[in-house]
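The structure file my_file_20.txt is reproduced below (compact mmCIF, C-alpha atoms and all ligand atoms).
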# COMPACT_ATOMS: atom_id res chain seq x y z
CA MET A 1 -59.07 -43.13 29.70
CA LEU A 2 -61.75 -40.46 29.72
CA ALA A 3 -60.87 -37.32 27.78
CA SER A 4 -60.78 -33.80 29.25
CA THR A 5 -63.94 -31.81 28.50
CA LYS A 6 -61.94 -28.62 28.91
CA ILE A 7 -59.38 -29.55 26.25
CA ILE A 8 -62.12 -30.71 23.85
CA LEU A 9 -64.02 -27.43 24.29
CA GLN A 10 -61.03 -25.13 24.19
CA LYS A 11 -60.19 -26.50 20.75
CA ALA A 12 -63.80 -26.01 19.63
CA HIS A 13 -63.72 -22.43 21.00
CA LYS A 14 -60.48 -21.70 19.15
CA TYR A 15 -61.63 -23.12 15.80
CA ASN A 16 -65.31 -22.10 16.07
CA TYR A 17 -67.28 -25.35 15.94
CA ALA A 18 -69.44 -27.19 18.48
CA VAL A 19 -68.98 -30.57 20.15
CA PRO A 20 -72.02 -32.75 20.79
CA HIS A 21 -73.11 -33.34 24.35
CA PHE A 22 -75.30 -36.46 24.25
CA ASN A 23 -77.38 -37.45 27.27
CA ILE A 24 -77.01 -41.16 28.03
CA ASN A 25 -79.11 -43.46 30.21
CA ASN A 26 -78.32 -47.02 29.10
CA MET A 27 -75.95 -49.22 27.11
CA GLU A 28 -77.75 -48.93 23.76
CA ILE A 29 -77.67 -45.13 23.84
CA VAL A 30 -73.96 -45.15 24.74
CA GLN A 31 -73.14 -47.60 21.95
CA GLY A 32 -75.25 -45.73 19.38
CA VAL A 33 -73.69 -42.31 19.99
CA VAL A 34 -70.16 -43.71 20.32
CA GLN A 35 -70.50 -45.55 16.99
CA ALA A 36 -71.57 -42.25 15.41
CA GLY A 37 -68.52 -40.48 16.89
CA VAL A 38 -66.19 -43.24 15.68
CA ASN A 39 -67.70 -43.26 12.17
CA LEU A 40 -67.30 -39.48 11.81
CA LYS A 41 -64.12 -39.09 13.91
CA SER A 42 -65.75 -36.60 16.27
CA PRO A 43 -64.92 -35.90 19.91
CA LEU A 44 -67.88 -36.62 22.19
CA ILE A 45 -69.17 -35.44 25.53
CA LEU A 46 -71.46 -38.05 27.09
CA ALA A 47 -73.58 -36.76 29.94
CA THR A 48 -75.58 -38.19 32.80
CA SER A 49 -78.31 -36.10 34.40
CA GLU A 50 -79.33 -36.70 38.01
CA GLY A 51 -82.33 -38.55 36.53
CA ALA A 52 -80.03 -40.80 34.48
CA ILE A 53 -78.00 -41.53 37.60
CA LYS A 54 -81.16 -42.38 39.51
CA TYR A 55 -82.12 -44.78 36.70
CA GLY A 56 -78.78 -46.39 35.82
CA GLY A 57 -76.52 -45.73 38.81
CA MET A 58 -73.53 -43.38 38.72
CA ASN A 59 -70.86 -46.07 39.00
CA PHE A 60 -72.46 -48.24 36.33
CA LEU A 61 -72.86 -45.41 33.80
CA TYR A 62 -69.34 -44.18 34.59
CA GLU A 63 -67.89 -47.62 33.80
CA LEU A 64 -69.92 -47.88 30.58
CA VAL A 65 -68.54 -44.59 29.31
CA LYS A 66 -64.99 -45.26 30.54
CA THR A 67 -64.96 -48.63 28.76
CA SER A 68 -66.31 -47.01 25.59
CA SER A 69 -63.57 -44.39 25.71
CA GLU A 70 -60.96 -47.13 26.02
CA LEU A 71 -62.38 -49.11 23.09
CA ALA A 72 -62.98 -46.18 20.74
CA ASN A 73 -60.23 -44.25 19.06
CA ILE A 74 -61.77 -40.81 19.68
CA PRO A 75 -61.77 -38.45 22.70
CA ILE A 76 -64.80 -39.23 24.91
CA ALA A 77 -65.49 -37.14 28.01
CA LEU A 78 -68.03 -37.87 30.75
CA HIS A 79 -70.01 -34.91 32.11
CA LEU A 80 -72.53 -34.48 34.92
CA ASP A 81 -75.51 -32.61 33.45
CA HIS A 82 -77.62 -30.19 35.53
CA GLY A 83 -76.06 -31.08 38.88
CA ARG A 84 -78.20 -29.50 41.58
CA ASP A 85 -77.47 -31.85 44.44
CA VAL A 86 -74.05 -30.88 45.81
CA ASP A 87 -73.48 -34.43 47.14
CA ILE A 88 -73.98 -35.90 43.65
CA ILE A 89 -71.60 -33.30 42.18
CA LYS A 90 -68.94 -34.12 44.79
CA LYS A 91 -69.38 -37.84 44.14
CA ALA A 92 -68.91 -37.34 40.38
CA ILE A 93 -65.75 -35.31 41.05
CA ARG A 94 -64.37 -38.05 43.33
CA LEU A 95 -65.25 -40.80 40.86
CA GLY A 96 -63.32 -39.11 38.04
CA TYR A 97 -65.91 -37.56 35.73
CA SER A 98 -64.24 -35.28 33.14
CA SER A 99 -66.49 -32.36 34.10
CA VAL A 100 -69.52 -31.39 36.14
CA MET A 101 -72.25 -28.82 35.73
CA PHE A 102 -73.56 -26.91 38.69
CA ASP A 103 -77.03 -25.72 37.77
CA GLY A 104 -77.77 -22.89 40.15
CA SER A 105 -80.18 -21.24 37.74
CA HIS A 106 -83.03 -21.57 40.27
CA LEU A 107 -81.04 -19.66 42.93
CA ALA A 108 -80.57 -15.94 43.54
CA TYR A 109 -77.52 -14.50 41.76
CA LYS A 110 -75.30 -14.26 44.84
CA GLU A 111 -76.07 -17.76 46.03
CA ASN A 112 -75.54 -19.24 42.56
CA LEU A 113 -72.19 -17.41 42.39
CA ARG A 114 -71.08 -18.55 45.85
CA ILE A 115 -71.79 -22.26 45.29
CA THR A 116 -70.51 -22.26 41.69
CA LYS A 117 -67.20 -20.74 42.84
CA GLN A 118 -66.83 -23.24 45.66
CA LEU A 119 -67.50 -26.21 43.36
CA ALA A 120 -65.25 -24.83 40.60
CA ASN A 121 -62.38 -24.69 43.12
CA LEU A 122 -63.07 -28.22 44.27
CA ALA A 123 -63.28 -29.57 40.71
CA HIS A 124 -60.11 -27.75 39.63
CA LYS A 125 -58.14 -29.29 42.50
CA LYS A 126 -58.93 -32.68 40.95
CA GLY A 127 -58.20 -31.52 37.38
CA ILE A 128 -61.90 -31.51 36.49
CA SER A 129 -63.70 -28.67 34.73
CA LEU A 130 -67.00 -27.02 35.61
CA GLU A 131 -69.98 -25.72 33.62
CA ALA A 132 -72.17 -23.04 35.19
CA GLU A 133 -75.53 -21.56 34.22
CA LEU A 134 -77.02 -18.13 34.63
CA GLY A 135 -80.51 -17.23 33.48
CA THR A 136 -83.17 -19.89 33.09
CA ILE A 137 -83.55 -22.41 30.31
CA GLY A 138 -87.23 -23.36 30.22
CA GLY A 139 -88.95 -26.70 29.80
CA ALA A 140 -89.40 -29.80 31.87
CA GLU A 141 -87.70 -33.18 32.05
CA ASP A 142 -87.70 -35.77 34.82
CA LEU A 143 -85.69 -33.83 37.36
CA VAL A 144 -84.77 -30.72 35.40
CA SER A 145 -87.51 -28.17 35.08
CA ALA A 146 -88.20 -24.45 34.89
CA LYS A 147 -91.48 -22.80 34.07
CA LYS A 148 -90.23 -19.90 31.99
CA ILE A 149 -87.18 -18.63 30.18
CA ILE A 150 -85.20 -15.78 31.74
CA TYR A 151 -82.55 -14.60 29.29
CA THR A 152 -78.97 -14.44 30.53
CA ASN A 153 -77.81 -10.89 31.16
CA PRO A 154 -74.41 -10.37 29.42
CA GLU A 155 -73.11 -7.94 32.07
CA GLU A 156 -73.93 -10.40 34.83
CA ALA A 157 -72.43 -13.21 32.75
CA LYS A 158 -69.08 -11.37 32.58
CA ASP A 159 -69.01 -10.79 36.33
CA PHE A 160 -70.16 -14.35 37.05
CA VAL A 161 -67.58 -16.03 34.80
CA GLU A 162 -64.74 -13.88 36.14
CA ARG A 163 -65.64 -14.39 39.79
CA THR A 164 -66.50 -18.11 39.71
CA GLY A 165 -63.66 -19.28 37.45
CA CYS A 166 -66.08 -21.64 35.66
CA ASP A 167 -64.64 -23.25 32.53
CA PHE A 168 -67.71 -23.14 30.27
CA PHE A 169 -70.94 -21.33 30.53
CA ALA A 170 -74.56 -22.24 29.68
CA VAL A 171 -76.60 -19.40 28.20
CA ALA A 172 -80.35 -18.88 28.25
CA ILE A 173 -81.21 -17.34 24.86
CA GLY A 174 -84.65 -18.80 24.20
CA THR A 175 -84.22 -22.56 23.98
CA SER A 176 -85.99 -24.92 26.37
CA HIS A 177 -85.76 -28.59 27.33
CA GLY A 178 -88.02 -31.24 25.85
CA ALA A 179 -89.99 -31.56 22.61
CA PHE A 180 -92.25 -28.49 22.90
CA LYS A 181 -89.85 -25.61 22.46
CA PHE A 182 -91.67 -22.93 20.52
CA LYS A 183 -95.22 -21.99 19.73
CA GLY A 184 -94.98 -20.67 16.19
CA LYS A 185 -91.64 -19.48 14.86
CA ALA A 186 -88.40 -20.37 16.69
CA HIS A 187 -86.79 -17.28 18.10
CA LEU A 188 -83.33 -17.23 19.69
CA ARG A 189 -81.63 -14.11 21.05
CA HIS A 190 -78.45 -14.19 18.97
CA ASP A 191 -77.74 -10.58 19.98
CA ILE A 192 -77.46 -11.65 23.63
CA LEU A 193 -75.33 -14.66 22.67
CA ARG A 194 -72.87 -12.54 20.67
CA GLU A 195 -72.52 -10.09 23.55
CA ILE A 196 -71.95 -12.89 26.11
CA LYS A 197 -69.23 -14.40 23.91
CA ARG A 198 -67.59 -11.00 23.48
CA VAL A 199 -67.38 -10.31 27.20
CA THR A 200 -66.65 -13.83 28.56
CA LYS A 201 -64.37 -15.26 25.85
CA ILE A 202 -64.90 -18.83 27.05
CA PRO A 203 -66.64 -21.89 25.52
CA LEU A 204 -70.43 -21.43 25.63
CA VAL A 205 -73.08 -24.13 25.98
CA LEU A 206 -76.52 -24.38 24.37
CA HIS A 207 -79.05 -26.48 26.29
CA GLY A 208 -82.45 -27.46 24.97
CA ALA A 209 -81.03 -27.61 21.48
CA SER A 210 -82.76 -30.67 19.99
CA GLY A 211 -84.08 -30.28 16.46
CA VAL A 212 -87.10 -32.60 16.85
CA PRO A 213 -86.81 -33.61 13.16
CA GLU A 214 -90.13 -33.96 11.41
CA LYS A 215 -89.28 -37.24 9.70
CA MET A 216 -88.50 -38.88 13.05
CA VAL A 217 -91.69 -37.52 14.61
CA LYS A 218 -93.72 -38.82 11.63
CA GLU A 219 -92.06 -42.24 11.92
CA ALA A 220 -92.84 -42.49 15.65
CA GLU A 221 -96.42 -41.31 15.03
CA LYS A 222 -96.88 -43.88 12.28
CA TYR A 223 -96.33 -46.57 14.91
CA GLY A 224 -98.55 -45.08 17.61
CA ALA A 225 -96.72 -42.17 19.28
CA LYS A 226 -98.83 -39.09 20.11
CA LEU A 227 -96.65 -36.05 19.52
CA THR A 228 -98.95 -33.23 18.45
CA GLY A 229 -97.40 -29.78 18.78
CA VAL A 230 -93.75 -30.81 19.12
CA TYR A 231 -91.27 -28.29 17.73
CA GLY A 232 -87.46 -28.08 17.97
CA VAL A 233 -84.59 -25.72 17.15
CA PRO A 234 -84.19 -25.47 13.35
CA ASN A 235 -80.79 -26.42 11.91
CA SER A 236 -80.29 -22.89 10.55
CA GLN A 237 -80.57 -21.50 14.12
CA ILE A 238 -78.03 -24.05 15.38
CA LYS A 239 -75.57 -23.02 12.65
CA LEU A 240 -76.00 -19.37 13.55
CA ALA A 241 -75.56 -20.12 17.27
CA ILE A 242 -72.25 -21.88 16.52
CA LYS A 243 -71.12 -18.91 14.44
CA ASN A 244 -71.99 -16.69 17.41
CA GLY A 245 -69.91 -18.66 19.90
CA ILE A 246 -71.64 -21.87 21.02
CA ASN A 247 -69.15 -24.73 21.47
CA LYS A 248 -71.12 -27.45 23.27
CA ILE A 249 -74.61 -28.44 22.19
CA ASN A 250 -76.79 -30.58 24.44
CA THR A 251 -79.04 -33.17 22.82
CA ASP A 252 -81.34 -35.49 24.70
CA THR A 253 -84.85 -35.20 23.22
CA ASP A 254 -83.75 -36.17 19.67
CA LEU A 255 -82.12 -39.32 21.06
CA ARG A 256 -85.30 -40.16 22.98
CA LEU A 257 -87.44 -39.69 19.87
CA ALA A 258 -85.08 -41.83 17.76
CA PHE A 259 -85.07 -44.59 20.37
CA ASP A 260 -88.83 -44.44 20.69
CA ALA A 261 -89.37 -44.62 16.91
CA GLY A 262 -87.01 -47.61 16.65
CA VAL A 263 -88.74 -49.56 19.42
CA ARG A 264 -92.26 -48.75 18.24
CA LYS A 265 -91.54 -49.73 14.66
CA PHE A 266 -90.03 -53.06 15.61
CA LEU A 267 -92.81 -53.99 18.03
CA ALA A 268 -95.50 -53.01 15.53
CA GLN A 269 -93.91 -54.98 12.71
CA LYS A 270 -92.85 -58.06 14.70
CA PRO A 271 -95.47 -58.59 17.41
CA GLN A 272 -94.38 -62.21 17.97
CA ASP A 273 -90.73 -61.33 18.66
CA PHE A 274 -89.94 -60.65 22.31
CA ASP A 275 -86.14 -60.86 22.26
CA PRO A 276 -84.85 -57.61 23.88
CA ARG A 277 -81.85 -57.63 21.54
CA HIS A 278 -84.14 -57.58 18.52
CA ILE A 279 -86.24 -54.81 20.07
CA LEU A 280 -83.38 -52.57 21.22
CA GLY A 281 -80.95 -53.22 18.34
CA PRO A 282 -82.94 -51.10 15.84
CA ALA A 283 -83.36 -48.37 18.48
CA ARG A 284 -79.57 -48.29 18.92
CA GLU A 285 -79.23 -47.95 15.15
CA GLU A 286 -81.70 -45.01 15.12
CA ILE A 287 -79.61 -43.37 17.86
CA ARG A 288 -76.48 -43.76 15.71
CA LYS A 289 -78.18 -42.14 12.72
CA VAL A 290 -79.49 -39.11 14.59
CA ALA A 291 -76.16 -38.68 16.41
CA GLU A 292 -74.35 -38.65 13.04
CA GLU A 293 -76.75 -35.97 11.81
CA ARG A 294 -76.04 -33.84 14.89
CA ILE A 295 -72.25 -34.26 14.59
CA THR A 296 -72.38 -33.22 10.93
CA LEU A 297 -74.52 -30.17 11.76
CA PHE A 298 -72.20 -29.09 14.58
CA GLY A 299 -69.03 -29.28 12.46
CA SER A 300 -67.14 -31.58 14.83
CA ILE A 301 -66.61 -34.17 12.10
CA LYS A 302 -62.90 -35.15 11.83
CA LYS A 303 -62.03 -33.07 14.92
CA ALA A 304 -61.11 -36.13 17.04
O1 LIG B 401 -81.50 -31.26 30.42
C1 LIG B 401 -82.18 -32.21 30.73
C2 LIG B 401 -81.94 -33.54 30.17
O2 LIG B 401 -82.75 -33.74 29.05
C3 LIG B 401 -82.08 -34.58 31.22
O3 LIG B 401 -83.40 -34.93 31.46
O4 LIG B 401 -83.61 -35.09 33.95
O5 LIG B 401 -85.15 -36.35 32.38
O6 LIG B 401 -82.76 -37.04 32.63
P1 LIG B 401 -83.75 -35.91 32.69
P1 LIG B 402 -83.13 -31.20 24.62
O1 LIG B 402 -84.30 -31.53 25.47
O2 LIG B 402 -83.44 -30.12 23.64
O3 LIG B 402 -82.53 -32.38 23.93
O4 LIG B 402 -81.99 -30.59 25.58
C1 LIG B 402 -81.20 -31.44 26.35
C2 LIG B 402 -80.36 -30.71 27.35
O5 LIG B 402 -80.26 -29.51 27.37
C3 LIG B 402 -79.64 -31.53 28.31
O6 LIG B 402 -78.92 -30.76 29.22
ZN ZN B 403 -80.01 -28.97 29.76
Encoding of this model in structure tokens:
Amino acid sequence: MLASTKIILQKAHKYNYAVPHFNINNMEIVQGVVQAGVNLKSPLILATSEGAIKYGGMNFLYELVKTSSELANIPIALHLDHGRDVDIIKKAIRLGYSSVMFDGSHLAYKENLRITKQLANLAHKKGISLEAELGTIGGAEDLVSAKKIIYTNPEEAKDFVERTGCDFFAVAIGTSHGAFKFKGKAHLRHDILREIKRVTKIPLVLHGASGVPEKMVKEAEKYGAKLTGVYGVPNSQIKLAIKNGINKINTDTDLRLAFDAGVRKFLAQKPQDFDPRHILGPAREEIRKVAEERITLFGSIKKA
């Protein structure tokens, strides 16, 4: 059975650590992150974006994660990431996702509040929890994009959380999606984060949190990737963000880079081998390794 995102995050909120949210798109990514969770006895939140659903199909990805949660002896929740299409959100609720995110960050405050509240009520009726976002997390992915970062206003956050009844809350404090997060030094608004935690007192979510580790970038570049200018959130900033109240940390880019490095290396070293299992097996292993590093950093080790 899928685990409850709300229960997983309430425990993290109470004991001050963060649970990994890993974006998944295919079987190898699911197996890689789940193996990491099993090895380190960590709860996991696996998440499908609208782009992942477009690629893999909601029912198919749902069954993959449900089966994994039945085979693995750790709590695994399934979450809808950056839901903007209300029909997709309603479908995920009906299907039995553990939680959904309504991303109304592109809407005016009142409209974001109105729809978030409506969807929170709907989700709660089915025993499902809801993540909301206020402010704008920058960066661009397939279907998730915003040109610039607008920091979350703590006063608005308090009002928004109280009036919508959302279960966890995504903050915009300077991170952005993708591999190009900062020009120069990484700067996160920990002052804003601390204030939001103080006034909302609920589990908080950090999007755009990938570390873009240099050794992985170098490895991918060695085998042909072009990644000039990539820069992620340093581990020290992640640790501080957890101390200041972050309980769910979203990672997609680091998984993509690990997968890419694994595939490139194999193809470069074994040009005669065209067996997909040989090509994707090492990529799955790279996913496991980076997921274990994230779990260790977040402090969710042995919290299953
Ligand atoms: O937050 C965004 C995730 O990285 C999902 O990206 O829309 O390309 O699947 P995607
Ligand atoms: P990254 O692009 O930093 O991995 O962020 C992913 C994310 O926020 C998914 O919601
Ligand atoms: Zn995100």
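CA of Met1 (chain A) to CA of Ala18 (chain A) spans 22.1 Å [interatomic distance, one decimal].
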Exercise for the section: Pick out the residues sitting within 12 Å of region 285-290 of chain A, and hand them over as a PyMOL selection string; count all atoms listed in the file, and ignore anything fewer than 2 positions along from it in its own chain. Expected result: chain A and resi 20+22-24+26-40+210-213+215-216+219-220+251-266+277-283+292-297
Exercise for the section: Extract, using only C-alpha atoms, all DNA, RNA and protein residues at most 6 Å from region 173-184 of chain A, discarding same-chain residues fewer than 2 positions from it, and format them as a ChimeraX atom specification. Expected result: /A:137-140,151,186,188-189,208,230-232,253
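Taking atom ZN of ligand ZN 403 (chain B) and CA of Gly245 (chain A) as endpoints, the distance between them is 17.5 Å.
In this structure, CA of Lys218 (chain A) sits 24.2 Å away from CA of Ile249 (chain A).
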Practice task
Kindly indicate which residue among A:Ala172, A:Ile76, A:Leu267, A:Ile192 lies nearest to Val205 (chain A), using all atoms listed in the file for the distances.
Solution key: A:Ala172
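Nearest residue to Phe168 (chain A) among A:Val199, A:Ala132, A:Leu206, A:Leu44 is A:Ala132, counting all atoms listed in the file.
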Listed atoms of region 258-266 of chain A boxed along x, y and z, 8 Å each side, centre and edge lengths in Å, one decimal, as JSON:
{"center_x": -88.7, "center_y": -47.4, "center_z": 17.7, "size_x": 23.2, "size_y": 27.2, "size_z": 22.0}
Handout entry: Contact residues around Glu133 (chain A) with all atoms listed in the file at 9 Å, ignoring same-chain residues under 2 positions, as JSON, numbers by chain
Key = {"A": [82, 101, 102, 103, 104, 105, 112, 131, 135, 136, 137, 152, 168, 169, 170, 171, 172, 205]}
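Proximity of A:Ala52, A:Ile196, A:Ala304, A:Ile8 to ligand LIG 402 (chain B), computed with all atoms listed in the file, is greatest for A:Ala52.
Nearest-residue note for ligand ZN 403 (chain B): choosing from A:Leu9, A:Cys166, A:Leu95, A:Ala47, the minimum distance belongs to A:Ala47, counting only C-alpha atoms and all ligand atoms.
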Fill in the blank from the handout: Using only C-alpha atoms, the shortest atom-to-atom distance to Arg198 (chain A) among A:Lys90, A:His124, A:Lys158, A:Lys14 belongs to A:Lys158
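Closest approach to Gly299 (chain A) from the set A:Lys117, A:Arg84, A:Lys41, A:Lys201 is made by A:Lys41, with distances taken over all atoms listed in the file.
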Handout entry: Spatial neighbours of Arg163 (chain A), 10 Å, only C-alpha atoms, chain gap at least 2 places, as a list of chain:residue names
Key = A:Leu113, A:Arg114, A:Thr116, A:Lys117, A:Ala157, A:Lys158, A:Asp159, A:Phe160, A:Val161, A:Gly165, A:Cys166
Practice task
Would you kindly return, as a count of residues only, each protein, DNA or RNA residue with an atom no farther than 7 Å from any atom of Val100 (chain A), considering all atoms listed in the file and excluding same-chain residues fewer than 6 positions away?
Solution key: 7
